[in-house]
Every structure is written in structure tokens, then in C-alpha cells.
>>> print(open('query38.txt').read())   # compact mmCIF, C-alpha atoms
# COMPACT_ATOMS: atom_id res chain seq x y z
CA MET A 1 5.21 -3.59 -7.69
CA ALA A 2 1.86 -4.24 -9.20
CA ARG A 3 -0.20 -3.87 -12.31
CA ALA A 4 -1.73 -0.47 -12.95
CA LEU A 5 -4.54 0.42 -15.31
CA ILE A 6 -4.66 4.00 -16.49
CA ASN A 7 -7.18 5.63 -18.76
CA VAL A 8 -6.16 8.99 -20.21
CA PRO A 9 -7.67 10.22 -23.48
CA ALA A 10 -4.99 10.17 -26.20
CA LYS A 11 -6.18 13.46 -27.69
CA ALA A 12 -7.95 16.45 -26.23
CA LYS A 13 -8.81 20.00 -27.25
CA LYS A 14 -6.95 22.79 -25.48
CA GLY A 15 -8.86 23.77 -22.35
CA GLU A 16 -11.05 20.67 -22.42
CA ILE A 17 -11.74 18.97 -19.09
CA VAL A 18 -10.70 15.33 -19.40
CA GLU A 19 -11.53 12.46 -17.08
CA ILE A 20 -8.63 10.36 -15.81
CA LYS A 21 -9.17 6.87 -14.40
CA THR A 22 -6.57 4.90 -12.48
CA LEU A 23 -6.57 1.50 -10.82
CA LEU A 24 -3.67 -0.25 -9.11
CA SER A 25 -3.70 -3.94 -8.34
CA HIS A 26 -3.08 -3.97 -4.56
CA PRO A 27 -4.69 -5.83 -1.61
CA MET A 28 -5.04 -2.69 0.59
CA GLU A 29 -4.64 -4.91 3.68
CA THR A 30 -6.41 -2.97 6.42
CA GLY A 31 -4.52 -4.22 9.47
CA PHE A 32 -7.86 -4.98 11.16
CA ARG A 33 -8.32 -8.44 9.66
CA PRO A 34 -7.25 -11.60 11.56
CA ALA A 35 -5.43 -14.38 9.69
CA ALA A 36 -6.12 -18.11 10.19
CA ASP A 37 -3.93 -18.12 13.34
CA GLY A 38 -6.00 -15.35 14.91
CA LYS A 39 -3.26 -12.73 14.65
CA LEU A 40 -3.96 -9.55 12.73
CA VAL A 41 -2.57 -9.38 9.22
CA PRO A 42 -0.17 -6.41 9.21
CA ARG A 43 -1.44 -3.30 7.52
CA ASN A 44 -0.21 -2.72 3.96
CA ILE A 45 -2.04 -0.07 2.01
CA ILE A 46 -1.36 2.51 -0.66
CA LYS A 47 -1.22 5.63 1.49
CA ARG A 48 -0.40 8.26 -1.09
CA PHE A 49 -1.26 8.89 -4.73
CA VAL A 50 0.10 11.78 -6.77
CA CYS A 51 -0.67 12.85 -10.33
CA THR A 52 1.72 15.30 -12.00
CA TYR A 53 1.19 17.08 -15.31
CA ASP A 54 4.17 19.05 -16.75
CA GLY A 55 6.01 18.58 -13.47
CA GLU A 56 3.23 20.15 -11.39
CA ALA A 57 1.23 18.11 -8.89
CA VAL A 58 -2.33 18.61 -10.14
CA PHE A 59 -4.10 15.97 -8.05
CA SER A 60 -3.08 13.94 -5.02
CA ALA A 61 -4.74 11.79 -2.40
CA ASP A 62 -4.03 10.51 1.11
CA LEU A 63 -5.66 7.11 1.44
CA PHE A 64 -6.78 5.12 4.50
CA PRO A 65 -7.69 1.43 4.96
CA ALA A 66 -11.32 2.26 4.11
CA ILE A 67 -10.34 2.50 0.44
CA SER A 68 -11.21 -0.78 -1.29
CA ALA A 69 -8.66 -3.31 -2.50
CA ASN A 70 -7.28 -2.44 -5.93
CA PRO A 71 -7.63 1.29 -5.27
CA PHE A 72 -9.58 3.03 -8.01
CA LEU A 73 -9.33 6.78 -8.38
CA SER A 74 -10.94 8.93 -11.00
CA PHE A 75 -10.67 12.70 -11.32
CA THR A 76 -10.60 15.45 -13.93
CA LEU A 77 -7.84 17.62 -15.40
CA VAL A 78 -7.80 20.59 -17.75
CA ALA A 79 -5.90 19.65 -20.92
CA THR A 80 -3.46 22.56 -21.17
CA ASN A 81 -0.71 21.26 -23.44
CA SER A 82 0.68 18.07 -24.94
CA GLY A 83 2.88 16.23 -22.55
CA VAL A 84 3.29 13.42 -20.10
CA ILE A 85 1.01 12.79 -17.12
CA THR A 86 2.75 10.89 -14.32
CA PHE A 87 0.99 8.77 -11.70
CA SER A 88 2.68 7.50 -8.55
CA TRP A 89 1.41 5.22 -5.78
CA THR A 90 3.29 4.88 -2.48
CA ASP A 91 2.60 2.03 -0.06
CA ASP A 92 3.25 1.56 3.68
CA ASN A 93 6.81 0.31 2.97
CA ASP A 94 7.50 3.61 1.14
CA GLU A 95 7.82 1.76 -2.13
CA THR A 96 6.62 3.87 -5.01
CA GLN A 97 5.32 2.73 -8.36
CA VAL A 98 5.33 5.23 -11.19
CA GLN A 99 3.41 5.06 -14.45
CA THR A 100 3.11 7.59 -17.22
CA ALA A 101 0.62 8.39 -19.96
CA LYS A 102 0.90 10.74 -22.93
CA ILE A 103 -1.73 13.25 -23.88
CA GLU A 104 -1.83 15.18 -27.15
CA VAL A 105 -3.52 18.57 -26.95
CA VAL A 106 -4.63 20.10 -30.25
CA MET B 1 -48.04 -26.99 3.00
CA ASN B 2 -46.65 -24.67 0.47
CA THR B 3 -46.55 -21.75 2.92
CA ASP B 4 -44.84 -23.96 5.50
CA ALA B 5 -42.09 -24.81 3.05
CA GLN B 6 -41.70 -21.14 2.24
CA SER B 7 -41.49 -20.04 5.84
CA LEU B 8 -39.02 -22.84 6.57
CA ASP B 9 -36.95 -21.74 3.63
CA LEU B 10 -37.08 -18.14 4.82
CA SER B 11 -36.05 -18.97 8.36
CA ARG B 12 -33.22 -21.14 7.10
CA ARG B 13 -32.11 -18.28 4.90
CA ALA B 14 -32.30 -15.87 7.81
CA PHE B 15 -30.30 -18.29 9.94
CA LEU B 16 -27.65 -18.75 7.27
CA ALA B 17 -27.40 -15.01 6.77
CA GLY B 18 -27.03 -14.52 10.50
CA ALA B 19 -24.43 -17.26 10.81
CA ALA B 20 -22.46 -15.87 7.88
CA GLY B 21 -22.62 -12.43 9.40
CA ALA B 22 -21.42 -13.73 12.76
CA SER B 23 -18.42 -15.50 11.27
CA ILE B 24 -17.43 -12.55 9.12
CA CYS B 25 -17.89 -9.71 11.56
CA VAL B 26 -15.60 -10.62 14.43
CA ILE B 27 -14.81 -7.03 15.23
CA ALA B 28 -15.33 -5.82 18.77
CA PRO B 29 -17.79 -2.91 19.03
CA SER B 30 -15.14 -0.89 20.85
CA ALA B 31 -12.84 -1.18 17.82
CA ARG B 32 -15.29 0.79 15.69
CA ALA B 33 -15.32 4.46 14.96
CA THR B 34 -18.31 6.29 16.40
CA PRO B 35 -20.16 9.42 15.33
CA GLU B 36 -18.06 11.20 17.99
CA ALA B 37 -14.81 9.83 16.50
CA MET B 38 -15.96 11.03 13.10
CA ALA B 39 -16.74 14.48 14.49
CA GLN B 40 -13.25 14.55 15.99
CA ALA B 41 -11.67 13.50 12.68
CA ILE B 42 -13.61 16.28 10.91
CA THR B 43 -12.42 18.79 13.52
CA ASP B 44 -8.83 17.61 12.95
CA PHE B 45 -9.29 18.25 9.23
CA THR B 46 -10.90 21.67 9.56
CA GLY B 47 -8.80 22.84 12.49
CA GLY B 48 -12.01 23.60 14.38
CA LYS B 49 -13.30 26.07 11.77
CA PRO B 50 -17.06 26.11 11.15
CA VAL B 51 -18.39 23.80 8.45
CA LYS B 52 -21.36 24.95 6.41
CA GLU B 53 -23.70 22.27 5.18
CA GLY B 54 -24.33 22.30 1.43
CA ARG B 55 -22.49 22.63 -1.91
CA VAL B 56 -21.06 19.12 -1.40
CA VAL B 57 -22.80 16.06 -2.83
CA VAL B 58 -21.84 12.51 -1.87
CA ASP B 59 -23.14 10.09 -4.46
CA ILE B 60 -23.39 6.48 -3.25
CA PRO B 61 -26.17 3.98 -4.02
CA VAL B 62 -28.41 4.15 -0.90
CA LEU B 63 -28.90 0.38 -0.66
CA LEU B 64 -25.75 -1.70 -1.00
CA GLU B 65 -25.52 -5.44 -1.27
CA SER B 66 -21.84 -5.48 -0.27
CA GLY B 67 -19.66 -3.00 1.57
CA HIS B 68 -16.40 -4.30 0.11
CA SER B 69 -16.19 -2.02 -2.89
CA VAL B 70 -18.69 0.80 -2.83
CA PRO B 71 -18.59 3.19 -5.81
CA THR B 72 -18.44 6.67 -4.34
CA ILE B 73 -18.49 10.04 -6.09
CA VAL B 74 -18.04 13.38 -4.38
CA ARG B 75 -18.68 16.61 -6.21
CA VAL B 76 -18.57 20.17 -4.97
CA ASP B 77 -20.29 23.19 -6.46
CA SER B 78 -17.29 25.38 -7.35
CA PRO B 79 -16.13 27.34 -10.43
CA MET B 80 -12.61 25.86 -9.98
CA SER B 81 -11.03 29.11 -11.17
CA PRO B 82 -7.55 30.17 -9.93
CA GLN B 83 -9.28 32.62 -7.54
CA ASN B 84 -12.02 30.32 -6.28
CA TYR B 85 -11.48 26.58 -6.17
CA VAL B 86 -11.76 23.54 -3.93
CA ARG B 87 -8.43 22.80 -2.30
CA ALA B 88 -9.28 19.45 -0.70
CA ILE B 89 -12.12 17.00 -0.23
CA ALA B 90 -12.01 14.71 2.80
CA LEU B 91 -14.25 11.69 3.19
CA PHE B 92 -15.34 10.34 6.59
CA ASN B 93 -17.50 7.50 7.95
CA GLU B 94 -18.89 6.74 11.41
CA ARG B 95 -18.91 2.93 11.70
CA ASN B 96 -15.69 1.56 10.13
CA PRO B 97 -12.71 0.79 12.40
CA GLN B 98 -11.32 4.24 11.48
CA PRO B 99 -13.32 7.40 10.74
CA ASN B 100 -11.04 8.50 7.87
CA VAL B 101 -11.54 7.27 4.33
CA GLY B 102 -9.38 9.56 2.19
CA VAL B 103 -8.31 13.13 1.52
CA PHE B 104 -8.21 14.31 -2.09
CA HIS B 105 -6.19 17.41 -2.97
CA LEU B 106 -7.36 19.39 -5.98
CA THR B 107 -6.01 22.39 -7.89
CA PRO B 108 -7.53 24.90 -10.35
CA ARG B 109 -6.07 22.60 -13.04
CA SER B 110 -8.53 19.91 -11.93
CA GLY B 111 -11.20 21.72 -13.92
CA ARG B 112 -14.00 20.20 -11.87
CA ALA B 113 -14.39 19.58 -8.16
CA TRP B 114 -15.18 15.94 -8.73
CA VAL B 115 -13.59 12.73 -7.52
CA SER B 116 -14.64 9.11 -7.84
CA THR B 117 -13.31 6.12 -5.92
CA ARG B 118 -14.39 2.84 -4.29
CA ILE B 119 -14.59 2.54 -0.53
CA ARG B 120 -15.17 -0.08 2.17
CA LEU B 121 -18.14 0.25 4.50
CA GLY B 122 -18.25 -1.86 7.65
CA ASP B 123 -21.92 -1.23 8.39
CA SER B 124 -24.98 0.79 7.46
CA GLN B 125 -23.93 4.31 8.30
CA LYS B 126 -23.55 7.94 7.38
CA VAL B 127 -20.76 8.97 5.00
CA VAL B 128 -19.67 12.61 5.18
CA ALA B 129 -17.57 14.65 2.76
CA VAL B 130 -15.99 17.94 3.82
CA ALA B 131 -14.55 20.32 1.24
CA GLN B 132 -11.92 22.94 1.96
CA MET B 133 -12.29 25.97 -0.32
CA SER B 134 -9.41 28.14 -1.53
CA ASP B 135 -10.61 30.98 0.75
CA GLY B 136 -10.17 28.70 3.77
CA SER B 137 -13.89 28.04 4.38
CA PHE B 138 -15.38 24.55 4.70
CA ALA B 139 -18.56 22.97 3.35
CA SER B 140 -19.98 19.51 3.85
CA GLY B 141 -22.43 17.01 2.45
CA SER B 142 -23.49 13.56 3.63
CA ILE B 143 -25.49 10.48 2.75
CA ASP B 144 -27.00 7.64 4.80
CA VAL B 145 -26.41 4.23 3.26
CA ILE B 146 -27.69 0.74 4.09
CA VAL B 147 -25.20 -2.11 3.73
CA THR B 148 -26.54 -5.67 3.75
CA LEU B 149 -23.14 -7.44 3.70
CA PRO B 150 -20.62 -5.23 5.51
CA ALA B 151 -16.93 -5.18 4.67
CA CYS B 152 -15.71 -5.78 8.18
CA VAL B 153 -12.96 -7.90 9.57
CA GLU B 154 -13.02 -11.24 7.85
CA GLY B 155 -11.93 -14.33 9.71
CA ALA B 156 -10.09 -16.76 7.48
>>> encode(input="query38.txt", output="C-alpha cells")
Amino acid sequence: MARALINVPAKAKKGEIVEIKTLLSHPMETGFRPAADGKLVPRNIIKRFVCTYDGEAVFSADLFPAISANPFLSFTLVATNSGVITFSWTDDNDETQVQTAKIEVV
Amino acid sequence: MNTDAQSLDLSRRAFLAGAAGASICVIAPSARATPEAMAQAITDFTGGKPVKEGRVVVDIPVLLESGHSVPTIVRVDSPMSPQNYVRAIALFNERNPQPNVGVFHLTPRSGRAWVSTRIRLGDSQKVVAVAQMSDGSFASGSIDVIVTLPACVEGA
């Protein structure tokens, strides 16, 4: 669907709070903006973001058109164990893009 | 002479700024959210429960050159333990076409009640964050920001 940038620290101490940064390349078309012909450009935004860590949803977000283009989200997680962190973005057409990142907890 | 040139330059600048603003912001005033619409959106989020002011900090630069991509941080004073944590943070505005900005769902595994994103602001306005605690109570924080170039409906 689009290019995603994810920043997860490769290594963390057990119990450490790590900062996760995500950015998806997406226009976040608001549906309030007229095109050259005066008609409104149909809304197309990322409406849902979910972050799962060991299969458990640890952070999620419901987004509205007031989120800027190329939605950037940053949040924190407690590094509990080595594993895969999964990120998924769902747009208005219910298309979902999934990306993963590995974290090693020592 | 010199002052004349300066004042001319200033008025031309003011005119250009006004003209640019007029061509960009073609949104009808009725299409905007209002403080009342924001209050309604907050009531929808809280289910009508009382909201206590405090514990929530909305961090946005107070003076913004552009409203297109406004770095926004919300943090809530919470231990984020399994017994006492922030369940959700909702962000609202009063002058965009819609009062809702986003709802962020947290868990004790978040570690910190902290979220950072970038938002659109259609005008100088108040931005409010409401946090839902794990015990079902609500707290809020807000900030007034000035936007010189709003992110409103752009004509092509």
C-alpha cells in the first residue's frame, strides 16, 4: 500500500520503557477539500492503527481527518521479552498494511 | 521616503497574505466545528461522566506558522501499573471541520501515558485532550494555539 518507516530499538533491557516511532506514507485525504472541478475529493484516511507485541494489542488508535498527511505516531512500550512487534494501518477502503520489527530483550 | 517604501511593502505583504488566505480557506463557517460541537464530542467520549481538569498536558508550540502538520504530544500523570493506568486519550479541537482528532488506546504495557503525533489545525483555537483512567474516571487538559497559516480546505 505505502511506505512505512518504523523505529524500534534493536536491543533493550528487560522492563525498560522504549519509544516506538511510526510513519506511514499516506495522503490522509480529509474529504473536505475541493478538487480543481469544485467537487470534494473523496475522503481516504487511515482510520485505525494497531500495535501488537507477542500477539497482544498493546497500543491502538482511531484516527480522524485532523491527523496530518503521512500519519506519524509515537508511543512507548515496556520491553518484556524478545519477539516481534507488529504494526498495522487500515484505511477507509478496509485495506490493511502490516509491518513488523524485531526487538531483542536482554 | 524610506518609511514610505516600508509601509508600502508592509501593506502589499498584508494584502498578499490576505489574498492567499482567501484563496486557501474556502470553507463555509457553518462547516466548522464549534466549541459546542467539541463539548458534544467530549460528552460522546465520556458518556456524560464528569471530567476533572488536570493531570493531562497537551504539548503544542503556542505560535504555529502552519497548521498542516502540528507536532502534538499528550502526556498524562499516571503510574501505568496494571491496577492504575490510562485506558484511552482522546484529542479534540473546536475550529476544524470535525471536532475529533484521534483516540489513542493504551495498556499497562505502554509503560508511560504518553503519545506523540502530528495534527491539522484549521484555525487558531483550543485543543483539548481527555484521558480515560482504568477506574472509569476522566481527566482533561487543554492548550490555546495561534495558527498563522491554517490547514483548511485548499482549493486547487
>>> atom_distance(input="query38.txt", atom1="CA of Glu104 in chain A", atom2="CA of Pro79 in chain B")
25.1 Å
>>> residues_around(input="query38.txt", residues="range 92-98 of chain A", least_positions_apart="2", cutoff="12 Å", atoms="only C-alpha atoms", output="PyMOL selection string")
chain A and resi 1-6+22+24-26+28-31+42-52+62-65+85-90+100-101
>>> write_last_selection(input="query38.txt", atoms="C-alpha atoms", output="mmCIF file, in the coordinates of the input")
data_model
loop_
_atom_site.group_PDB
_atom_site.id
_atom_site.type_symbol
_atom_site.label_atom_id
_atom_site.label_comp_id
_atom_site.auth_asym_id
_atom_site.auth_seq_id
_atom_site.Cartn_x
_atom_site.Cartn_y
_atom_site.Cartn_z
ATOM 1 C CA MET A 1 5.210 -3.590 -7.690
ATOM 2 C CA ALA A 2 1.860 -4.240 -9.200
ATOM 3 C CA ARG A 3 -0.200 -3.870 -12.310
ATOM 4 C CA ALA A 4 -1.730 -0.470 -12.950
ATOM 5 C CA LEU A 5 -4.540 0.420 -15.310
ATOM 6 C CA ILE A 6 -4.660 4.000 -16.490
ATOM 7 C CA THR A 22 -6.570 4.900 -12.480
ATOM 8 C CA LEU A 24 -3.670 -0.250 -9.110
ATOM 9 C CA SER A 25 -3.700 -3.940 -8.340
ATOM 10 C CA HIS A 26 -3.080 -3.970 -4.560
ATOM 11 C CA MET A 28 -5.040 -2.690 0.590
ATOM 12 C CA GLU A 29 -4.640 -4.910 3.680
ATOM 13 C CA THR A 30 -6.410 -2.970 6.420
ATOM 14 C CA GLY A 31 -4.520 -4.220 9.470
ATOM 15 C CA PRO A 42 -0.170 -6.410 9.210
ATOM 16 C CA ARG A 43 -1.440 -3.300 7.520
ATOM 17 C CA ASN A 44 -0.210 -2.720 3.960
ATOM 18 C CA ILE A 45 -2.040 -0.070 2.010
ATOM 19 C CA ILE A 46 -1.360 2.510 -0.660
ATOM 20 C CA LYS A 47 -1.220 5.630 1.490
ATOM 21 C CA ARG A 48 -0.400 8.260 -1.090
ATOM 22 C CA PHE A 49 -1.260 8.890 -4.730
ATOM 23 C CA VAL A 50 0.100 11.780 -6.770
ATOM 24 C CA CYS A 51 -0.670 12.850 -10.330
ATOM 25 C CA THR A 52 1.720 15.300 -12.000
ATOM 26 C CA ASP A 62 -4.030 10.510 1.110
ATOM 27 C CA LEU A 63 -5.660 7.110 1.440
ATOM 28 C CA PHE A 64 -6.780 5.120 4.500
ATOM 29 C CA PRO A 65 -7.690 1.430 4.960
ATOM 30 C CA ILE A 85 1.010 12.790 -17.120
ATOM 31 C CA THR A 86 2.750 10.890 -14.320
ATOM 32 C CA PHE A 87 0.990 8.770 -11.700
ATOM 33 C CA SER A 88 2.680 7.500 -8.550
ATOM 34 C CA TRP A 89 1.410 5.220 -5.780
ATOM 35 C CA THR A 90 3.290 4.880 -2.480
ATOM 36 C CA THR A 100 3.110 7.590 -17.220
ATOM 37 C CA ALA A 101 0.620 8.390 -19.960
#
>>> residues_around(input="query38.txt", residues="Val106 in chain A", least_positions_apart="6", cutoff="7 Å", atoms="only C-alpha atoms", output="PyMOL selection string")
chain A and resi 12-14
>>> closest_atom_pairs(input="query38.txt", of="chain B", to="chain A", cutoff="7 Å", atoms="only C-alpha atoms", output="tab-separated table")
residue	atom	partner	partner_atom	distance
B:His68	CA	A:Ser68	CA	6.4
B:Ser69	CA	A:Ser68	CA	5.4
B:Asn100	CA	A:Phe64	CA	6.4
B:Val101	CA	A:Ala66	CA	5.0
B:Gly102	CA	A:Leu63	CA	4.5
B:Val103	CA	A:Asp62	CA	5.0
B:Phe104	CA	A:Ala61	CA	4.3
B:His105	CA	A:Ser60	CA	5.1
B:Leu106	CA	A:Phe59	CA	5.2
B:Thr107	CA	A:Val58	CA	5.7
B:Arg109	CA	A:Val78	CA	5.4
B:Ser110	CA	A:Leu77	CA	4.2
B:Gly111	CA	A:Val78	CA	5.2
B:Arg112	CA	A:Thr76	CA	6.2
B:Trp114	CA	A:Phe75	CA	6.1
B:Val115	CA	A:Phe75	CA	4.8
B:Ser116	CA	A:Ser74	CA	4.9
B:Thr117	CA	A:Leu73	CA	4.7
B:Arg118	CA	A:Ser68	CA	5.7
B:Ile119	CA	A:Ile67	CA	4.4
B:Arg120	CA	A:Ala66	CA	4.9
B:Val153	CA	A:Arg33	CA	4.7
B:Glu154	CA	A:Arg33	CA	5.8
B:Gly155	CA	A:Pro34	CA	5.7
B:Ala156	CA	A:Ala36	CA	5.0
>>> closest_residue(input="query38.txt", among="B:Gly67, B:Gly54, B:Pro35, B:Pro97", to="Leu121 in chain B", atoms="all atoms listed in the file")
B:Gly67
>>> closest_residue(input="query38.txt", among="A:Pro27, A:Asp54, A:Lys39, A:Val105", to="Val84 in chain A", atoms="only C-alpha atoms")
A:Asp54
>>> residues_around(input="query38.txt", residues="Ile60 in chain B", least_positions_apart="6", cutoff="7 Å", atoms="all atoms listed in the file", output="number ranges by chain")
B: 71-73
>>> atom_distance(input="query38.txt", atom1="CA of Pro150 in chain B", atom2="CA of Ala88 in chain B")
27.9 Å
>>> atom_distance(input="query38.txt", atom1="CA of Ala139 in chain B", atom2="CA of Arg87 in chain B")
11.6 Å
>>> residues_near_point(input="query38.txt", point="(-24.0, 19.0, 7.7)", cutoff="7 Å", atoms="all atoms listed in the file", output="PDB file with C-alpha atoms, keeping the file's coordinate frame")
ATOM      1  CA  LYS B  52     -21.360  24.950   6.410  1.00  0.00           C
ATOM      2  CA  GLU B  53     -23.700  22.270   5.180  1.00  0.00           C
ATOM      3  CA  SER B 140     -19.980  19.510   3.850  1.00  0.00           C
ATOM      4  CA  GLY B 141     -22.430  17.010   2.450  1.00  0.00           C
ATOM      5  CA  SER B 142     -23.490  13.560   3.630  1.00  0.00           C
TER       6      SER B 142
END
>>> closest_residue(input="query38.txt", among="B:Pro50, B:Arg32, B:Ala39, B:Gln98", to="Phe138 in chain B", atoms="all atoms listed in the file")
B:Pro50
>>> residues_near_point(input="query38.txt", point="(-15.0, 11.0, 14.7)", cutoff="12 Å", atoms="all atoms listed in the file", output="compact mmCIF listing (two decimals) with C-alpha atoms, keeping the file's coordinate frame")
# COMPACT_ATOMS: atom_id res chain seq x y z
CA ARG B 32 -15.29 0.79 15.69
CA ALA B 33 -15.32 4.46 14.96
CA THR B 34 -18.31 6.29 16.40
CA PRO B 35 -20.16 9.42 15.33
CA GLU B 36 -18.06 11.20 17.99
CA ALA B 37 -14.81 9.83 16.50
CA MET B 38 -15.96 11.03 13.10
CA ALA B 39 -16.74 14.48 14.49
CA GLN B 40 -13.25 14.55 15.99
CA ALA B 41 -11.67 13.50 12.68
CA ILE B 42 -13.61 16.28 10.91
CA THR B 43 -12.42 18.79 13.52
CA ASP B 44 -8.83 17.61 12.95
CA PHE B 45 -9.29 18.25 9.23
CA LEU B 91 -14.25 11.69 3.19
CA PHE B 92 -15.34 10.34 6.59
CA ASN B 93 -17.50 7.50 7.95
CA GLU B 94 -18.89 6.74 11.41
CA ARG B 95 -18.91 2.93 11.70
CA ASN B 96 -15.69 1.56 10.13
CA PRO B 97 -12.71 0.79 12.40
CA GLN B 98 -11.32 4.24 11.48
CA PRO B 99 -13.32 7.40 10.74
CA ASN B 100 -11.04 8.50 7.87
CA VAL B 101 -11.54 7.27 4.33
CA LYS B 126 -23.55 7.94 7.38
CA VAL B 127 -20.76 8.97 5.00
CA VAL B 128 -19.67 12.61 5.18
